[in-house]
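A.B. asks: Just dropping this structure here.
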Amino acid sequence: MKDIKILSIETSCDETSAAVVVNGREVLSNIIASQIDIHTKFGGVVPEVASRKHIEVISAVVQEAIEKANVTFDEIDAVGVTYGPGLVGALLVGMQYAKSLAYAIGKPLIGVNHIEGHICANFIEHKDLKPPFVCLVVSGGHTFIVHMKDFGEFEVIGQTRDDAAGEAYDKVARAIGLGYPGGPKIDKLSKEGNPEAIKFPRANFHDDTLDFSFSGLKSAVLNYLNKMEMTGQEINKADVAASFQKALVDVLVDNVIKTCRLKKVDKIAIAGGVASNSTLRQALISEGEKNAIKVLFPSPILCTDNAAMIGSAAYFEYINGRTAELNLNAVPNLKLGQR
Ligand code: KG4
Ligand code: ZN
């Protein structure tokens with residue numbers, strides 16, 4: 001069978017990225033221009049700034065992806081692009097570019113769901129991975145437990161009812177003065193702290209659910225910090241970071257293991273920015289071993305936003321004949337599995 005080469009573009013948040021991916025698994029190039037330094041000054045992503053930056057660099061990023069992959073536009077089979085979920089202005093920059101390019105080179109356009117992209121990062125990392133498996137998607141904007149039954153077939157088993165896991169990391173990091181993005185900083189500082197030092201709450205729903213809630217945990221951390229300040233006690237930031245992280249990771253691991261039992265699945269794949277977290281990785285590996293469940297992770301560069309994962313998801317759409325029209329629009333709150 002002929003190799004399928006997809007040029008993919010991702011601009012849903014604060015990374016401008018373009019990649020060339022063969023058959024959904026082999027990455028020829030994956031260029032990522034991060035805007036993180038600019039947004040750090042504001043303590044989080046400023047949507048209008050993100051859109052402008054995407055416009056400035058997108059042409060150069062796509063050009064570099066093509067050059068590094070050593071292919072011509074003629075050899076590309078389709079153009080894949082993230083059309084949601086994400087920041088609408090940011091999404092539109094990538095989409096406009098992808099649509100114009102697909103039209104100019106006469107190749108089909110494929111719209112990709114960003115969350116599906118995160119999941120598909122695992123197909124790049126693990127060349128033999130096939131569904132069914134359970135995927136824990138944990139990023140700055142999303143927290144999902146997904147049962148991937150087949151390629152392109154997703155069932156959402158649990159999701160956050162308020163803050164995303166990465167969002168909770170970022171907010172707690174800001175409160176203890178670590179800056180943005182908070183996840184990696186809490187991950188590092190926690191290694192010096194005691195995870196049992198402070199007992200932070202785990203959300204407890206009274207229904208039979210595998211959903212998450214992290215805003216209560218975040219508020220508990222903020223209340224703790226306030227109380228310590230008001231009573232003039234010294235705050236041990238490393239203990240706060242480690243105890244917060246333990247509370248969050250415990251719930252993620254519990255729910256994902258329960259999902260595997262429920263669905264009788266023996267493979268877990270992790271995805272999204274928070275999948276780089278070392279405590280989450282260790283906890284999942286150890287619980288996985290106890291339950292005879294294999295735990296798979298993408299390398300850190302495939303965990304954060306990148307176009308290679310979008311190229312992988314686009315391939316599975318392409319081989320199922322799901323191409324898009326040139327009037328495809330951005331869907332900022334696109335749901336998983338929605339077409
Ligand atoms: O997937 P991603 O790059 O962007 C979104 O689609 O949201 O995820 C970014 C999120 C941020 O909240 C960041 O703090 C978090 O992932 N993150 C981490 C780690 N690395 C990145 N959280 C915990 N531990 C890490 N090592
Ligand atoms: Zn993402």
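FYI, nothing fancy with the structure tokens labels: chains A, B, ... in order, residues from 1 per chain, ligands from 1 as they appear.
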Per residue of stretch 177-224 of chain A within 9 Å of stretch 38-43 of chain A, which atom pair is closest and at what distance in Å (one decimal), using only C-alpha atoms, listed by chain and increasing number, as a Markdown table?
C.D. replies:
```
| residue | atom | partner | partner_atom | distance |
| --- | --- | --- | --- | --- |
| A:Gly179 | CA | A:Gly43 | CA | 6.6 |
| A:Tyr180 | CA | A:Thr40 | CA | 5.5 |
| A:Pro181 | CA | A:Thr40 | CA | 7.3 |
```
A.B. asks: Identify all residues of stretch 96-208 of chain A in strand (DSSP E or B) (DSSP on the backbone) and supply them as a list in words.
C.D. replies: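 Of stretch 96-208 of chain A, the ones in strand (DSSP E or B) are Leu109, Ile110, Gly111, Val112, Asn113, Phe133, Val134, Cys135, Leu136, Val137, Val138, Thr143, Phe144, Ile145, Val146, His147, Met148, Lys149, Asp150, Glu153, Phe154, Glu155, Val156, Ile157, Gly158, Gln159 and Thr160 of chain A.
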A.B. asks: Given only C-alpha atoms as the basis, pick out the residue of A:Ala19, A:Lys127, A:Ile285, A:Leu326 nearest to A:Gly106.
C.D. replies: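 Of all the options, A:Leu326 lies closest to A:Gly106.
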A.B. asks: If we count only C-alpha atoms and set the cut-off at 9 Å, which residues sit around stretch 99-103 of chain A, ignoring sequence neighbours fewer than 4 positions away in its own chain? Please answer as a list in words.
C.D. replies: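 Returned residues: Ala78, Val79, Val81, Gly94, Met95, Lys107, Pro108, Leu109, Glu325, Leu326, Asn327 and Leu328 of chain A.
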A.B. asks: Which is closest to ligand 2 among A:Ala242, A:Ile76, A:Ala330, A:Cys13, if we use only C-alpha atoms and all ligand atoms?
C.D. replies: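 Going through A:Ala242, A:Ile76, A:Ala330, A:Cys13 one by one, the smallest distance to ligand 2 is for A:Cys13.
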A.B. asks: Tell me, which residues of stretch 31-238 of chain A carry DSSP helix (DSSP H, G or I), written as number ranges by chain?
C.D. replies: A: 36-40, 47-69, 73-75, 88-105, 114-125, 165-175, 182-190, 215-230, 237-238
A.B. asks: Looking at only C-alpha atoms, which of A:Ser139, A:Gln233, A:Ser17, A:Asn23 is the one that sits closest to A:Gly272?
C.D. replies: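 That would be A:Ser139, the residue with the smallest distance to A:Gly272.
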A.B. asks: Can you pull out every residue within 8 Å of A:Ile186, counting only C-alpha atoms, but drop anything in the same chain fewer than 4 positions away, and send it as a list in words?
C.D. replies: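 Near A:Ile186, the qualifying residues are Tyr169, Ala173, Leu178, Gly182, Ser190, Ala241, Ala242 and Gln245 of chain A.
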A.B. asks: Take the residues just selected and output them with C-alpha atoms as a compact mmCIF listing (two decimals), in the first residue's frame.
C.D. replies:
```txt
# COMPACT_ATOMS: atom_id res chain seq x y z
CA TYR A 169 -1.58 22.94 38.63
CA ALA A 173 1.62 27.28 41.23
CA LEU A 178 6.08 29.66 41.12
CA GLY A 182 2.90 25.75 36.87
CA SER A 190 7.34 18.39 44.99
CA ALA A 241 3.20 21.41 46.20
CA ALA A 242 3.74 17.73 47.08
CA GLN A 245 -0.04 16.93 43.73
```
A.B. asks: Taking only C-alpha atoms and all ligand atoms into account, list the residues no farther than 7 Å from ligand 2, as a PyMOL selection string.
C.D. replies: chain A and resi 114-115+118+139-140+272-273+304-305
A.B. asks: Would you save the residues of that selection, restricted to N, CA, C and O atoms, as a PDB file, in the first residue's frame?
C.D. replies:
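To be explicit, this is the file written out as result37.pdb:
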```pdb
ATOM      1  N   HIS A 114      -8.588  18.356  18.576  1.00  0.00           N
ATOM      2  CA  HIS A 114      -7.328  18.486  19.320  1.00  0.00           C
ATOM      3  C   HIS A 114      -7.143  17.367  20.361  1.00  0.00           C
ATOM      4  O   HIS A 114      -6.032  16.845  20.541  1.00  0.00           O
ATOM      5  N   ILE A 115      -8.230  16.995  21.028  1.00  0.00           N
ATOM      6  CA  ILE A 115      -8.138  15.951  22.071  1.00  0.00           C
ATOM      7  C   ILE A 115      -7.832  14.591  21.429  1.00  0.00           C
ATOM      8  O   ILE A 115      -7.035  13.807  21.957  1.00  0.00           O
ATOM      9  N   HIS A 118      -4.217  14.506  20.904  1.00  0.00           N
ATOM     10  CA  HIS A 118      -3.435  14.136  22.103  1.00  0.00           C
ATOM     11  C   HIS A 118      -3.424  12.616  22.276  1.00  0.00           C
ATOM     12  O   HIS A 118      -2.388  12.022  22.575  1.00  0.00           O
ATOM     13  N   SER A 139      -4.659  17.814  30.316  1.00  0.00           N
ATOM     14  CA  SER A 139      -3.911  18.953  29.775  1.00  0.00           C
ATOM     15  C   SER A 139      -4.326  20.218  30.508  1.00  0.00           C
ATOM     16  O   SER A 139      -5.024  20.172  31.522  1.00  0.00           O
ATOM     17  N   GLY A 140      -3.906  21.376  29.967  1.00  0.00           N
ATOM     18  CA  GLY A 140      -4.232  22.642  30.597  1.00  0.00           C
ATOM     19  C   GLY A 140      -5.714  22.972  30.497  1.00  0.00           C
ATOM     20  O   GLY A 140      -6.266  23.667  31.345  1.00  0.00           O
ATOM     21  N   GLY A 272      -1.578  14.435  26.819  1.00  0.00           N
ATOM     22  CA  GLY A 272      -1.734  15.826  27.253  1.00  0.00           C
ATOM     23  C   GLY A 272      -0.551  16.291  28.084  1.00  0.00           C
ATOM     24  O   GLY A 272       0.251  15.480  28.560  1.00  0.00           O
ATOM     25  N   GLY A 273      -0.461  17.600  28.267  1.00  0.00           N
ATOM     26  CA  GLY A 273       0.692  18.208  28.947  1.00  0.00           C
ATOM     27  C   GLY A 273       0.995  17.603  30.302  1.00  0.00           C
ATOM     28  O   GLY A 273       2.162  17.363  30.641  1.00  0.00           O
ATOM     29  N   THR A 304       2.926  17.643  25.126  1.00  0.00           N
ATOM     30  CA  THR A 304       2.434  19.026  24.986  1.00  0.00           C
ATOM     31  C   THR A 304       1.953  19.222  23.551  1.00  0.00           C
ATOM     32  O   THR A 304       2.161  18.367  22.686  1.00  0.00           O
ATOM     33  N   ASP A 305       1.320  20.374  23.312  1.00  0.00           N
ATOM     34  CA  ASP A 305       0.719  20.604  21.998  1.00  0.00           C
ATOM     35  C   ASP A 305       1.774  20.550  20.884  1.00  0.00           C
ATOM     36  O   ASP A 305       2.797  21.208  20.962  1.00  0.00           O
TER      37      ASP A 305
END
```
A.B. asks: With distances taken over only C-alpha atoms, which residue among A:Asn122, A:Ser59, A:Ser12, A:Ser243 lies nearest A:Gly84?
C.D. replies: A:Ser12
A.B. asks: Please identify all polymer residues within 6 Å of A:Ile145, counting only C-alpha atoms, omitting same-chain residues fewer than 6 positions from it, and present them as a PyMOL selection string.
C.D. replies: chain A and resi 135-136+157-158
A.B. asks: Would you put the residues from that selection into a file with all heavy atoms, as a CSV table (one decimal), in the first residue's frame?
C.D. replies:
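Written file, again-v9.csv:
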```csv
chain,number,residue,atom,x,y,z
A,135,CYS,N,-7.7,5.8,27.7
A,135,CYS,CA,-6.8,6.9,27.7
A,135,CYS,C,-7.2,8.0,28.7
A,135,CYS,O,-8.3,8.3,28.8
A,135,CYS,CB,-6.8,7.5,26.3
A,135,CYS,SG,-5.4,8.7,26.1
A,136,LEU,N,-6.2,8.4,29.4
A,136,LEU,CA,-6.4,9.5,30.4
A,136,LEU,C,-5.8,10.7,29.7
A,136,LEU,O,-4.6,10.8,29.4
A,136,LEU,CB,-5.6,9.2,31.7
A,136,LEU,CG,-5.6,10.4,32.7
A,136,LEU,CD1,-7.0,10.7,33.2
A,136,LEU,CD2,-4.6,10.0,33.9
A,157,ILE,N,-15.7,8.4,29.5
A,157,ILE,CA,-16.2,7.7,30.7
A,157,ILE,C,-16.2,8.7,31.9
A,157,ILE,O,-17.1,8.6,32.8
A,157,ILE,CB,-15.2,6.5,31.0
A,157,ILE,CG1,-15.1,5.6,29.8
A,157,ILE,CG2,-15.7,5.8,32.3
A,157,ILE,CD1,-16.3,4.8,29.5
A,158,GLY,N,-15.3,9.6,31.9
A,158,GLY,CA,-15.3,10.6,33.0
A,158,GLY,C,-14.6,11.9,32.5
A,158,GLY,O,-13.9,11.9,31.6
```
A.B. asks: Near stretch 87-90 of chain A, counting only C-alpha atoms, which residues have an atom at most 8 Å away, once you skip same-chain residues fewer than 5 positions from it, shown as a list of chain:residue names?
C.D. replies: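 Residues near the query, excluding close chain neighbours: A:Thr11, A:Ser12, A:Cys13, A:Asp14, A:Pro47, A:Glu48, A:Ala50, A:Ser51, A:His54, A:Ala330, A:Val331, A:Pro332.
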A.B. asks: For atom CA of A:Ala324 and atom CA of A:Ser8, determine how far apart the two atoms are, in Å to one decimal place.
C.D. replies: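 A separation of 13.8 Å between them.
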A.B. asks: Would you pick out the contacts of A:Ala269 at 9 Å or less, using only C-alpha atoms, so that residues sharing its chain but fewer than 2 positions from it are not included, and give the list as an NGL selection string?
C.D. replies: :A and (119 or 122 or 133-137 or 267 or 271 or 294-298)
A.B. asks: Dump N, CA and C atoms for the selected residues as a CSV table (one decimal), in the first residue's frame?
C.D. replies:
```csv
chain,number,residue,atom,x,y,z
A,119,ILE,N,-4.6,12.0,22.1
A,119,ILE,CA,-4.7,10.5,22.3
A,119,ILE,C,-3.7,9.8,21.2
A,122,ASN,N,0.0,8.7,21.2
A,122,ASN,CA,0.5,7.3,21.6
A,122,ASN,C,0.7,6.4,20.4
A,133,PHE,N,-8.2,0.5,24.2
A,133,PHE,CA,-7.4,0.9,25.4
A,133,PHE,C,-8.1,2.1,26.1
A,134,VAL,N,-7.7,2.3,27.4
A,134,VAL,CA,-8.3,3.5,28.1
A,134,VAL,C,-7.3,4.6,28.0
A,135,CYS,N,-7.7,5.8,27.7
A,135,CYS,CA,-6.8,6.9,27.7
A,135,CYS,C,-7.2,8.0,28.7
A,136,LEU,N,-6.2,8.4,29.4
A,136,LEU,CA,-6.4,9.5,30.4
A,136,LEU,C,-5.8,10.7,29.7
A,137,VAL,N,-6.6,11.7,29.3
A,137,VAL,CA,-6.2,12.9,28.7
A,137,VAL,C,-6.2,14.0,29.7
A,267,LYS,N,-4.9,-2.0,29.1
A,267,LYS,CA,-3.9,-1.0,28.6
A,267,LYS,C,-4.4,0.4,28.9
A,271,ALA,N,-2.1,11.0,27.9
A,271,ALA,CA,-1.9,12.0,26.9
A,271,ALA,C,-2.1,13.4,27.5
A,294,LYS,N,-1.1,-2.6,31.5
A,294,LYS,CA,0.1,-2.0,30.9
A,294,LYS,C,-0.1,-0.5,30.8
A,295,VAL,N,0.9,0.3,31.2
A,295,VAL,CA,0.7,1.8,31.1
A,295,VAL,C,1.7,2.3,30.1
A,296,LEU,N,1.2,3.1,29.2
A,296,LEU,CA,2.0,3.7,28.1
A,296,LEU,C,2.0,5.2,28.1
A,297,PHE,N,3.1,5.8,27.8
A,297,PHE,CA,3.3,7.2,27.8
A,297,PHE,C,3.9,7.7,26.5
A,298,PRO,N,3.5,8.8,26.0
A,298,PRO,CA,4.3,9.4,24.9
A,298,PRO,C,5.5,10.1,25.5
```
A.B. asks: If you measure from atom CA of A:Glu75 to atom CA of A:Pro300, what distance in Å do you get, rounded to one decimal?
C.D. replies: 29.2 Å
